[in-house]
>>> print(open('my_file_25.csv').read())   # CSV, C-alpha atoms
chain,number,residue,atom,x,y,z
A,1,MET,CA,55.7,-4.2,19.3
A,2,PRO,CA,57.2,-6.0,22.3
A,3,GLY,CA,56.7,-2.9,24.5
A,4,ILE,CA,52.9,-3.3,24.5
A,5,LYS,CA,52.7,-7.0,25.4
A,6,ASP,CA,50.1,-7.3,28.2
A,7,ALA,CA,50.9,-3.7,29.2
A,8,THR,CA,47.4,-2.5,28.6
A,9,ALA,CA,43.9,-3.8,28.8
A,10,VAL,CA,40.4,-3.2,27.4
A,11,VAL,CA,38.3,-2.3,30.4
A,12,GLY,CA,35.1,-0.9,28.8
A,13,ILE,CA,33.0,-1.6,25.7
A,14,GLY,CA,29.9,0.1,24.5
A,15,GLN,CA,27.6,0.2,21.5
A,16,THR,CA,24.4,1.6,20.2
A,17,PRO,CA,21.5,-0.4,18.7
A,18,PHE,CA,22.1,-1.7,15.2
A,19,ALA,CA,19.6,-1.2,12.4
A,20,LYS,CA,19.2,-0.5,8.7
A,21,GLN,CA,18.2,3.0,9.6
A,22,LEU,CA,18.6,5.0,12.9
A,23,PRO,CA,17.4,8.6,13.3
A,24,GLU,CA,20.4,9.9,15.2
A,25,SER,CA,23.4,11.5,13.5
A,26,GLU,CA,26.8,9.8,13.4
A,27,LYS,CA,28.1,12.2,16.0
A,28,THR,CA,25.2,11.4,18.4
A,29,LEU,CA,25.8,7.7,17.9
A,30,ALA,CA,29.5,8.0,18.4
A,31,CYS,CA,29.0,9.9,21.7
A,32,ARG,CA,26.5,7.4,23.0
A,33,ALA,CA,28.8,4.5,22.3
A,34,ILE,CA,31.7,6.3,24.0
A,35,LEU,CA,29.7,7.2,27.0
A,36,ALA,CA,28.5,3.6,27.3
A,37,ALA,CA,32.0,2.2,27.1
A,38,LEU,CA,33.2,4.6,29.8
A,39,ASP,CA,30.3,3.7,32.0
A,40,ASP,CA,31.1,0.1,31.5
A,41,ALA,CA,34.6,0.8,32.7
A,42,GLY,CA,33.6,3.0,35.6
A,43,ILE,CA,35.7,5.9,34.2
A,44,ALA,CA,34.6,9.5,34.0
A,45,PRO,CA,34.8,11.2,30.6
A,46,SER,CA,37.0,13.9,32.0
A,47,GLU,CA,39.8,11.3,32.6
A,48,VAL,CA,40.1,10.5,28.9
A,49,ASP,CA,43.2,11.9,27.3
A,50,GLY,CA,43.6,9.7,24.2
A,51,LEU,CA,41.4,9.0,21.2
A,52,ALA,CA,41.7,6.8,18.1
A,53,SER,CA,39.4,6.2,15.2
A,54,TYR,CA,39.4,5.8,11.4
A,55,THR,CA,40.2,8.3,8.7
A,56,MET,CA,36.7,7.5,7.3
A,57,GLU,CA,35.1,8.6,10.6
A,58,GLU,CA,32.9,11.6,10.0
A,59,THR,CA,33.0,12.8,13.6
A,60,ASP,CA,36.4,14.3,14.5
A,61,GLU,CA,38.2,14.4,17.8
A,62,VAL,CA,37.3,18.1,18.6
A,63,GLU,CA,33.5,17.4,18.2
A,64,VAL,CA,33.7,14.2,20.3
A,65,ALA,CA,35.8,15.8,23.0
A,66,LYS,CA,33.4,18.8,23.4
A,67,ALA,CA,30.2,16.8,23.2
A,68,VAL,CA,31.2,14.1,25.7
A,69,GLY,CA,33.2,16.3,28.1
A,70,LEU,CA,36.6,14.8,27.7
A,71,GLY,CA,39.7,16.2,29.4
A,72,ASP,CA,42.8,17.6,27.8
A,73,LEU,CA,43.9,15.2,25.0
A,74,THR,CA,47.5,14.3,24.8
A,75,PHE,CA,47.2,11.6,22.1
A,76,PHE,CA,44.9,11.3,19.1
A,77,SER,CA,45.2,9.3,15.9
A,78,LYS,CA,43.2,8.1,12.9
A,79,VAL,CA,43.9,4.9,10.9
A,80,GLY,CA,43.2,4.5,7.2
A,81,TYR,CA,41.6,1.9,5.0
A,82,GLY,CA,38.1,1.5,6.4
A,83,GLY,CA,37.7,-2.0,7.6
A,84,GLY,CA,41.4,-2.5,7.7
A,85,GLY,CA,41.8,0.0,10.5
A,86,SER,CA,39.6,-1.5,13.2
A,87,CYS,CA,42.3,-3.3,15.3
A,88,ALA,CA,44.9,-0.6,14.6
A,89,THR,CA,42.8,1.9,16.7
A,90,VAL,CA,43.3,-0.4,19.7
A,91,ALA,CA,47.0,-0.9,18.8
A,92,HIS,CA,47.6,2.8,18.6
A,93,LEU,CA,46.1,3.4,22.0
A,94,ALA,CA,47.8,0.5,23.6
A,95,ALA,CA,51.2,1.9,22.4
A,96,ALA,CA,50.3,5.4,23.6
A,97,VAL,CA,49.2,4.2,27.0
A,98,ALA,CA,52.2,1.8,27.3
A,99,THR,CA,54.6,4.6,26.5
A,100,GLY,CA,53.0,7.3,28.7
A,101,GLN,CA,51.5,9.4,25.9
A,102,ALA,CA,48.0,8.8,27.3
A,103,THR,CA,46.5,7.2,30.4
A,104,VAL,CA,42.9,6.5,29.3
A,105,GLY,CA,42.3,5.9,25.6
A,106,VAL,CA,39.0,5.5,23.7
A,107,ALA,CA,38.7,4.0,20.3
A,108,TRP,CA,35.4,4.2,18.4
A,109,ARG,CA,33.6,3.9,15.0
A,110,SER,CA,30.3,5.5,14.1
A,111,ARG,CA,28.7,4.8,10.8
A,112,LYS,CA,25.4,5.3,9.0
A,113,ARG,CA,26.0,2.9,6.1
A,114,GLY,CA,22.5,1.5,6.1
A,115,SER,CA,20.8,4.8,5.5
A,116,GLY,CA,23.8,6.7,4.0
A,117,PRO,CA,25.2,7.1,0.5
A,118,ARG,CA,27.5,4.6,-1.2
A,119,PRO,CA,31.0,6.1,-1.7
A,120,TRP,CA,31.4,4.7,-5.3
A,121,LYS,CA,28.3,6.6,-6.5
A,122,ASN,CA,30.1,10.0,-6.4
A,123,THR,CA,31.3,10.3,-10.0
A,124,ALA,CA,32.5,13.8,-9.5
A,125,VAL,CA,35.4,12.8,-7.3
A,126,GLN,CA,38.8,12.1,-8.9
A,127,LEU,CA,39.5,8.4,-8.6
A,128,PRO,CA,42.7,7.4,-6.7
A,129,THR,CA,45.3,5.8,-9.0
A,130,PRO,CA,44.5,2.1,-8.3
A,131,ALA,CA,40.8,2.7,-8.9
A,132,GLN,CA,41.5,4.2,-12.3
A,133,TRP,CA,42.6,0.7,-13.4
A,134,THR,CA,39.5,-1.1,-12.1
A,135,ARG,CA,36.3,1.0,-11.7
A,136,PRO,CA,36.0,2.2,-15.3
A,137,PHE,CA,36.1,-1.5,-16.4
A,138,GLY,CA,33.3,-2.7,-14.1
A,139,LEU,CA,34.9,-3.4,-10.8
A,140,LEU,CA,32.9,-0.7,-9.2
A,141,ARG,CA,32.0,-2.0,-5.7
A,142,PRO,CA,34.1,-3.9,-3.1
A,143,ALA,CA,31.8,-6.9,-3.8
A,144,ASP,CA,32.9,-6.9,-7.4
A,145,GLU,CA,36.6,-6.8,-6.4
A,146,ILE,CA,36.3,-9.6,-3.8
A,147,GLY,CA,34.2,-11.6,-6.3
A,148,MET,CA,37.1,-11.6,-8.6
A,149,LEU,CA,39.5,-12.8,-5.9
A,150,ALA,CA,36.9,-15.5,-4.9
A,151,ARG,CA,36.7,-16.8,-8.4
A,152,ARG,CA,40.5,-17.1,-8.6
A,153,TYR,CA,40.5,-18.9,-5.2
A,154,MET,CA,37.9,-21.3,-6.4
A,155,HIS,CA,39.8,-22.0,-9.6
A,156,GLU,CA,43.1,-22.6,-8.0
A,157,TYR,CA,42.1,-24.5,-4.9
A,158,GLY,CA,38.7,-26.1,-5.6
A,159,ALA,CA,36.8,-24.0,-3.1
A,160,THR,CA,33.0,-24.2,-3.7
A,161,ARG,CA,29.9,-22.3,-2.7
A,162,ASP,CA,29.3,-24.9,0.0
A,163,HIS,CA,32.5,-23.7,1.7
A,164,LEU,CA,31.3,-20.1,1.5
A,165,PHE,CA,27.9,-21.2,2.9
A,166,ASN,CA,29.7,-22.8,5.9
A,167,VAL,CA,31.0,-19.3,6.7
A,168,ALA,CA,27.7,-17.6,6.3
A,169,LEU,CA,25.9,-20.2,8.3
A,170,ALA,CA,28.3,-20.1,11.3
A,171,CYS,CA,27.9,-16.3,11.5
A,172,ARG,CA,24.2,-16.5,11.2
A,173,ASN,CA,23.9,-19.2,13.8
A,174,ARG,CA,25.8,-17.0,16.3
A,175,ALA,CA,23.6,-14.0,15.4
A,176,ASN,CA,20.5,-16.1,16.1
A,177,GLN,CA,21.7,-16.3,19.7
A,178,ASN,CA,22.5,-12.5,20.0
A,179,PRO,CA,19.5,-10.2,20.7
A,180,ALA,CA,21.5,-7.2,19.6
A,181,ALA,CA,22.2,-8.7,16.1
A,182,MET,CA,20.3,-7.5,13.1
A,183,MET,CA,19.8,-11.1,12.1
A,184,TYR,CA,18.6,-12.3,15.5
A,185,GLU,CA,16.1,-15.1,15.2
A,186,ARG,CA,16.4,-15.1,11.4
A,187,PRO,CA,17.8,-18.5,10.5
A,188,LEU,CA,19.7,-19.2,7.3
A,189,THR,CA,19.3,-22.5,5.4
A,190,ARG,CA,21.3,-24.0,2.6
A,191,GLU,CA,18.4,-23.7,0.2
A,192,MET,CA,18.0,-20.0,1.1
A,193,TYR,CA,21.7,-19.4,0.4
A,194,MET,CA,21.9,-21.4,-2.8
A,195,THR,CA,18.8,-19.8,-4.3
A,196,SER,CA,19.4,-16.2,-3.3
A,197,ARG,CA,20.1,-13.5,-5.8
A,198,TRP,CA,23.6,-12.8,-7.1
A,199,ILE,CA,25.3,-9.6,-5.9
A,200,SER,CA,28.6,-10.1,-7.9
A,201,GLU,CA,29.0,-13.7,-9.0
A,202,PRO,CA,30.2,-15.9,-7.4
A,203,LEU,CA,29.0,-13.9,-4.4
A,204,CYS,CA,25.3,-14.1,-3.5
A,205,LEU,CA,23.3,-12.0,-1.1
A,206,PHE,CA,24.4,-14.0,1.9
A,207,ASP,CA,28.1,-13.7,1.0
A,208,ASN,CA,27.9,-10.0,1.7
A,209,CYS,CA,27.9,-8.0,4.9
A,210,LEU,CA,24.9,-6.1,6.3
A,211,GLU,CA,24.2,-2.4,5.7
A,212,THR,CA,24.1,-0.9,9.2
A,213,ASP,CA,23.7,2.2,11.1
A,214,GLY,CA,25.4,2.1,14.5
A,215,ALA,CA,28.4,2.9,16.6
A,216,LEU,CA,30.8,1.1,19.0
A,217,ALA,CA,33.6,2.1,21.3
A,218,CYS,CA,36.1,0.6,23.8
A,219,VAL,CA,38.4,1.9,26.6
A,220,ILE,CA,42.0,1.1,27.0
A,221,VAL,CA,44.1,1.7,30.2
A,222,SER,CA,47.3,0.4,31.7
A,223,ALA,CA,47.4,-3.2,33.0
A,224,GLU,CA,48.0,-1.7,36.5
A,225,ARG,CA,45.0,0.6,36.4
A,226,ALA,CA,42.8,-2.1,34.8
A,227,ARG,CA,42.9,-4.1,38.0
A,228,ASP,CA,40.9,-1.4,39.7
A,229,CYS,CA,38.3,-0.9,37.0
A,230,ARG,CA,34.7,-2.1,37.1
A,231,GLN,CA,35.1,-5.0,34.6
A,232,ARG,CA,37.4,-7.9,34.3
A,233,PRO,CA,40.5,-6.8,32.3
A,234,VAL,CA,41.1,-8.1,28.8
A,235,TYR,CA,44.8,-7.7,27.9
A,236,VAL,CA,46.2,-6.6,24.6
A,237,HIS,CA,48.8,-9.2,24.1
A,238,SER,CA,50.1,-8.5,20.6
A,239,ALA,CA,49.2,-6.1,17.8
A,240,ALA,CA,50.2,-5.6,14.2
A,241,GLN,CA,49.4,-3.7,11.0
A,242,GLY,CA,50.1,-5.1,7.5
A,243,LEU,CA,50.7,-3.4,4.2
A,244,PRO,CA,52.5,-5.7,1.7
A,245,ALA,CA,54.8,-4.5,-1.0
A,246,GLN,CA,53.2,-3.4,-4.2
A,247,HIS,CA,49.7,-3.7,-2.7
A,248,HIS,CA,46.7,-2.8,-4.7
A,249,GLY,CA,43.5,-2.7,-2.6
A,250,MET,CA,41.1,-5.6,-2.8
A,251,VAL,CA,42.2,-7.1,-6.1
A,252,ASN,CA,46.0,-7.3,-5.3
A,253,TYR,CA,46.8,-6.9,-9.1
A,254,TRP,CA,50.4,-5.8,-8.6
A,255,ASN,CA,51.3,-8.4,-5.9
A,256,ASP,CA,53.3,-11.5,-6.9
A,257,ASP,CA,50.3,-13.5,-5.7
A,258,PRO,CA,46.9,-11.9,-5.5
A,259,LEU,CA,45.7,-14.5,-2.9
A,260,THR,CA,48.5,-13.6,-0.5
A,261,GLY,CA,47.0,-10.5,0.9
A,262,PRO,CA,47.8,-8.1,3.8
A,263,ALA,CA,46.8,-10.7,6.4
A,264,TRP,CA,50.1,-12.6,5.7
A,265,THR,CA,52.1,-9.4,6.4
A,266,ALA,CA,50.2,-8.6,9.6
A,267,ALA,CA,50.4,-12.2,10.8
A,268,ARG,CA,54.1,-12.5,10.7
A,269,HIS,CA,54.5,-9.4,12.9
A,270,LEU,CA,51.6,-10.4,15.2
A,271,TRP,CA,52.9,-13.9,16.0
A,272,LYS,CA,56.5,-12.8,16.3
A,273,HIS,CA,55.6,-10.8,19.4
A,274,ALA,CA,53.2,-13.3,20.9
A,275,ASP,CA,53.7,-16.0,23.6
A,276,PHE,CA,51.3,-18.3,21.9
A,277,THR,CA,50.5,-19.6,18.4
A,278,PRO,CA,47.4,-20.2,16.2
A,279,ASP,CA,47.0,-23.6,17.8
A,280,ASP,CA,46.4,-21.8,21.2
A,281,VAL,CA,43.6,-19.5,20.0
A,282,ASP,CA,40.4,-20.4,21.7
A,283,VAL,CA,38.0,-18.2,19.6
A,284,ALA,CA,38.5,-15.9,16.7
A,285,GLN,CA,36.7,-12.8,15.4
A,286,ILE,CA,37.8,-12.6,11.8
A,287,TYR,CA,36.7,-9.7,9.5
A,288,ASP,CA,33.9,-10.9,7.3
A,289,ALA,CA,32.7,-8.2,5.0
A,290,PHE,CA,32.5,-11.1,2.5
A,291,THR,CA,32.6,-14.8,3.1
A,292,PRO,CA,35.7,-15.5,1.0
A,293,LEU,CA,37.7,-13.3,3.4
A,294,ILE,CA,37.4,-16.0,6.0
A,295,PRO,CA,39.3,-18.8,4.2
A,296,LEU,CA,41.9,-16.3,3.0
A,297,SER,CA,42.4,-15.1,6.5
A,298,LEU,CA,42.5,-18.6,8.0
A,299,GLU,CA,45.5,-19.2,5.7
A,300,GLY,CA,47.1,-15.8,6.3
A,301,TYR,CA,47.0,-16.1,10.1
A,302,GLY,CA,48.4,-19.6,10.1
A,303,PHE,CA,45.4,-21.7,11.1
A,304,CYS,CA,45.9,-23.9,8.0
A,305,GLY,CA,48.2,-24.2,5.0
A,306,ARG,CA,48.0,-22.4,1.7
A,307,GLY,CA,44.9,-23.3,-0.2
A,308,GLU,CA,43.4,-25.2,2.8
A,309,GLY,CA,41.2,-22.4,4.1
A,310,ALA,CA,38.0,-23.6,2.3
A,311,ALA,CA,38.4,-27.2,3.5
A,312,TYR,CA,39.0,-25.9,7.0
A,313,THR,CA,35.4,-24.7,7.2
A,314,GLU,CA,34.0,-28.2,6.8
A,315,GLY,CA,32.5,-30.4,9.5
A,316,GLY,CA,31.3,-27.5,11.7
A,317,ALA,CA,34.8,-26.2,12.3
A,318,LEU,CA,33.6,-22.6,12.7
A,319,GLU,CA,30.7,-23.4,15.1
A,320,ILE,CA,30.8,-23.5,18.9
A,321,GLY,CA,32.6,-26.7,19.7
A,322,GLY,CA,34.4,-26.8,16.4
A,323,ARG,CA,38.1,-26.3,15.7
A,324,LEU,CA,37.9,-22.5,15.7
A,325,PRO,CA,34.6,-20.9,16.9
A,326,LEU,CA,34.2,-17.8,14.7
A,327,ASN,CA,32.5,-14.4,14.9
A,328,THR,CA,30.5,-15.4,17.9
A,329,GLY,CA,28.3,-12.3,17.9
A,330,GLY,CA,27.4,-12.8,14.2
A,331,GLY,CA,30.1,-10.7,12.6
A,332,GLY,CA,29.6,-8.3,9.8
A,333,LEU,CA,27.6,-10.8,7.9
A,334,SER,CA,24.8,-11.2,10.5
A,335,GLU,CA,25.3,-9.0,13.6
A,336,ALA,CA,26.2,-5.6,12.1
A,337,TYR,CA,28.7,-4.1,9.7
A,338,VAL,CA,30.5,-1.1,11.4
A,339,HIS,CA,33.9,-1.6,9.7
A,340,GLY,CA,34.7,-4.5,12.0
A,341,PHE,CA,34.5,-2.8,15.4
A,342,ASN,CA,31.9,-5.1,16.7
A,343,LEU,CA,34.5,-7.9,16.3
A,344,ILE,CA,36.7,-6.1,18.9
A,345,ASN,CA,33.9,-5.8,21.4
A,346,GLU,CA,32.8,-9.4,20.9
A,347,GLY,CA,36.4,-10.6,21.5
A,348,VAL,CA,36.3,-8.7,24.8
A,349,LYS,CA,32.9,-10.3,25.7
A,350,GLN,CA,34.3,-13.8,25.0
A,351,LEU,CA,37.2,-13.3,27.4
A,352,ARG,CA,35.0,-11.7,30.0
A,353,GLY,CA,32.7,-14.8,29.7
A,354,THR,CA,29.7,-12.7,28.8
A,355,SER,CA,29.1,-13.5,25.1
A,356,THR,CA,25.7,-14.6,24.0
A,357,ALA,CA,27.5,-17.6,22.3
A,358,GLN,CA,30.1,-18.2,24.9
A,359,VAL,CA,33.0,-20.5,24.2
A,360,PRO,CA,33.6,-22.4,27.4
A,361,GLY,CA,36.9,-21.4,29.1
A,362,ALA,CA,37.9,-19.0,26.4
A,363,ALA,CA,41.2,-17.4,27.4
A,364,THR,CA,42.7,-16.2,24.1
A,365,CYS,CA,41.1,-14.5,21.1
A,366,LEU,CA,42.4,-13.3,17.7
A,367,VAL,CA,40.6,-10.3,16.2
A,368,THR,CA,41.4,-9.2,12.7
A,369,ALA,CA,40.6,-6.3,10.4
A,370,GLY,CA,39.8,-6.4,6.7
A,371,GLU,CA,41.7,-8.7,4.5
A,372,GLY,CA,42.2,-7.3,1.0
A,373,VAL,CA,43.1,-3.9,2.3
A,374,PRO,CA,46.0,-2.6,4.4
A,375,THR,CA,45.0,-4.3,7.6
A,376,SER,CA,45.6,-4.9,11.4
A,377,ALA,CA,45.1,-7.5,14.0
A,378,ILE,CA,45.2,-7.9,17.8
A,379,LEU,CA,45.6,-10.8,20.1
A,380,LEU,CA,43.6,-10.6,23.3
A,381,ARG,CA,43.9,-12.7,26.5
A,382,ASN,CA,42.4,-12.7,29.9
>>> encode(input="my_file_25.csv", output="structure tokens")
Amino acid sequence: MPGIKDATAVVGIGQTPFAKQLPESEKTLACRAILAALDDAGIAPSEVDGLASYTMEETDEVEVAKAVGLGDLTFFSKVGYGGGGSCATVAHLAAAVATGQATVGVAWRSRKRGSGPRPWKNTAVQLPTPAQWTRPFGLLRPADEIGMLARRYMHEYGATRDHLFNVALACRNRANQNPAAMMYERPLTREMYMTSRWISEPLCLFDNCLETDGALACVIVSAERARDCRQRPVYVHSAAQGLPAQHHGMVNYWNDDPLTGPAWTAARHLWKHADFTPDDVDVAQIYDAFTPLIPLSLEGYGFCGRGEGAAYTEGGALEIGGRLPLNTGGGGLSEAYVHGFNLINEGVKQLRGTSTAQVPGAATCLVTAGEGVPTSAILLRN
């Protein structure tokens, strides 16, 4: 999408508290996050004319617009695939603003996963075609499906649980610095990790994201207008979505190679329209619903070669001061799991210089959505 390169910027971010259970409805949480983001930008709700969210979002545009007091909407979209849609909401608004379809866009996600139901428990709903080949045979939850991918990755490339621990530890260390994180001041040790209960072998408790109630939002305007907003602009440099041929969510059964997931497709498009490369990324916010997604994404987005993602995590590579500081707010593993939207806001904080685990001099940031499902990614710069 060469037409959007640095043409728009994120100028406001907002979020609610994160917790296992919050009393407010998803609609209320959504409205609070949106109002916080607009206030952060110094923009009145009546100026908003574009919205983007997920198909899984329970609160629709009409309800949000009425409750928050938005103006006439000239652009609104929803992106599918849960965690794969996070960065695409920003991409859609960036394209809309860059082409004049909207002037002030708001993307958001509100979710009560901590206190709400699990989608796979509803046995009355007809399974989509791919799930008919997996769920009746025991691959019921996303953890089961990613567990199968992780086992194959371990078998083919020698990855170990120590490599997965490196990911969990880096995210937990950053959450320990973040007062808004659910795992704030709750350290993780190797012994805790290695002796924790299995969720879906080889994935233990700490390989899985949190169950969270909460909401987040961000505001996108043109680069020209961004210069007059309250906060330092963070420019949307490049954006991409990725859905590989013959894709089968999570397990990639029908792909030529199950370990070459949607990240590889999104990455080719993302870097094609960027002025910098993986070597130039100062900090990354990589979708971490499960720890194995990090080494798979490191390979897909070109930070290392095929099969080298596990070894990449060694030697503190993902910590502050390492080769690629990762998920500096704590990520889905240790800050909150709201389908990856907190990774977007954390990327903005890094480039503003306001993160609780600030990478010195950070000027470029990769943010990714869920690997394993049709995905999306954005490159941000200041």
>>> residues_around(input="my_file_25.csv", residues="A:Val367", least_positions_apart="3", cutoff="7 Å", atoms="only C-alpha atoms", output="ChimeraX atom specification")
/A:284-286,343-344,347,377-379
>>> closest_atom_pairs(input="my_file_25.csv", of="stretch 68-114 of chain A", to="stretch 32-56 of chain A", cutoff="7 Å", atoms="all atoms listed in the file", output="CSV")
residue,atom,partner,partner_atom,distance
A:Val68,CA,A:Pro45,CA,6.7
A:Gly69,CA,A:Pro45,CA,5.9
A:Leu70,CA,A:Ser46,CA,4.4
A:Gly71,CA,A:Ser46,CA,4.4
A:Asp72,CA,A:Asp49,CA,5.7
A:Leu73,CA,A:Asp49,CA,4.1
A:Thr74,CA,A:Asp49,CA,5.5
A:Phe75,CA,A:Gly50,CA,4.6
A:Phe76,CA,A:Leu51,CA,4.7
A:Ser77,CA,A:Ala52,CA,4.8
A:Lys78,CA,A:Tyr54,CA,4.7
A:Val79,CA,A:Tyr54,CA,4.6
A:Gly80,CA,A:Thr55,CA,5.1
A:Gly82,CA,A:Met56,CA,6.2
A:Gly85,CA,A:Tyr54,CA,6.3
A:Thr89,CA,A:Ala52,CA,5.2
A:Leu93,CA,A:Ala52,CA,6.8
A:Ala102,CA,A:Gly50,CA,5.5
A:Thr103,CA,A:Asp49,CA,6.5
A:Val104,CA,A:Val48,CA,4.9
A:Gly105,CA,A:Gly50,CA,4.3
A:Val106,CA,A:Leu51,CA,4.9
A:Ala107,CA,A:Ala52,CA,4.7
A:Trp108,CA,A:Ser53,CA,5.5
A:Arg109,CA,A:Ser53,CA,6.2
>>> closest_residue(input="my_file_25.csv", among="A:Leu139, A:Leu324, A:Ala96, A:Val219", to="A:Gln231", atoms="only C-alpha atoms")
A:Val219
>>> closest_residue(input="my_file_25.csv", among="A:Ala263, A:Leu333, A:Cys304, A:Ala369", to="A:Tyr287", atoms="only C-alpha atoms")
A:Ala369
>>> closest_residue(input="my_file_25.csv", among="A:Thr368, A:Asn173, A:Pro142, A:Trp133", to="A:Ser200", atoms="all atoms listed in the file")
A:Pro142
>>> atom_distance(input="my_file_25.csv", atom1="atom CA of A:Gly370", atom2="atom CA of A:Gly83")
5.0 Å
>>> atom_distance(input="my_file_25.csv", atom1="atom CA of A:Ile199", atom2="atom CA of A:Glu156")
22.1 Å
>>> atom_distance(input="my_file_25.csv", atom1="atom CA of A:Arg190", atom2="atom CA of A:Cys209")
17.5 Å
>>> closest_residue(input="my_file_25.csv", among="A:Cys229, A:Ala245, A:Val167, A:Ala7", to="A:Gly315", atoms="only C-alpha atoms")
A:Val167
>>> residues_around(input="my_file_25.csv", residues="A:Thr160", least_positions_apart="4", cutoff="12 Å", atoms="all atoms listed in the file", output="list in words")
Ala150, Arg151, Arg152, Tyr153, Met154, His155, Glu156, Leu164, Phe165, Asn166, Val167, Met194, Pro202, Leu203, Thr291, Pro292, Pro295, Gly309, Ala310, Ala311, Thr313 and Glu314 of chain A
>>> write_last_selection(input="my_file_25.csv", atoms="C-alpha atoms", output="CSV table (one decimal), in the coordinates of the input")
chain,number,residue,atom,x,y,z
A,150,ALA,CA,36.9,-15.5,-4.9
A,151,ARG,CA,36.7,-16.8,-8.4
A,152,ARG,CA,40.5,-17.1,-8.6
A,153,TYR,CA,40.5,-18.9,-5.2
A,154,MET,CA,37.9,-21.3,-6.4
A,155,HIS,CA,39.8,-22.0,-9.6
A,156,GLU,CA,43.1,-22.6,-8.0
A,164,LEU,CA,31.3,-20.1,1.5
A,165,PHE,CA,27.9,-21.2,2.9
A,166,ASN,CA,29.7,-22.8,5.9
A,167,VAL,CA,31.0,-19.3,6.7
A,194,MET,CA,21.9,-21.4,-2.8
A,202,PRO,CA,30.2,-15.9,-7.4
A,203,LEU,CA,29.0,-13.9,-4.4
A,291,THR,CA,32.6,-14.8,3.1
A,292,PRO,CA,35.7,-15.5,1.0
A,295,PRO,CA,39.3,-18.8,4.2
A,309,GLY,CA,41.2,-22.4,4.1
A,310,ALA,CA,38.0,-23.6,2.3
A,311,ALA,CA,38.4,-27.2,3.5
A,313,THR,CA,35.4,-24.7,7.2
A,314,GLU,CA,34.0,-28.2,6.8
>>> closest_residue(input="my_file_25.csv", among="A:Arg118, A:His248, A:Arg186, A:Arg227", to="A:Pro130", atoms="all atoms listed in the file")
A:His248
>>> residues_around(input="my_file_25.csv", residues="A:Val283", least_positions_apart="3", cutoff="10 Å", atoms="only C-alpha atoms", output="list in words")
Asp280, Ile286, Leu318, Ile320, Gly322, Arg323, Leu324, Pro325, Leu326, Asn327, Thr328, Gly347, Gln350, Leu351, Gln358, Val359, Pro360, Ala362, Ala363, Thr364, Cys365, Leu366 and Val367 of chain A
>>> closest_residue(input="my_file_25.csv", among="A:Thr189, A:Gln126, A:Ser25, A:Thr212", to="A:Gly114", atoms="all atoms listed in the file")
A:Thr212
>>> residues_around(input="my_file_25.csv", residues="A:Arg111", least_positions_apart="6", cutoff="9 Å", atoms="all atoms listed in the file", output="list in words")
Ser25, Glu26, Leu29, Ala30, Glu57, Glu58, Thr212, Asp213, Gly214, Ala215, Tyr337, Val338 and His339 of chain A
>>> residues_around(input="my_file_25.csv", residues="A:His269", least_positions_apart="6", cutoff="9 Å", atoms="all atoms listed in the file", output="VMD selection string")
chain A and resid 1 238 to 242
>>> write_last_selection(input="my_file_25.csv", atoms="C-alpha atoms", output="JSON list (two decimals), keeping the file's coordinate frame")
[["chain", "number", "residue", "atom", "x", "y", "z"],
["A", 1, "MET", "CA", 55.70, -4.20, 19.30],
["A", 238, "SER", "CA", 50.10, -8.50, 20.60],
["A", 239, "ALA", "CA", 49.20, -6.10, 17.80],
["A", 240, "ALA", "CA", 50.20, -5.60, 14.20],
["A", 241, "GLN", "CA", 49.40, -3.70, 11.00],
["A", 242, "GLY", "CA", 50.10, -5.10, 7.50]]
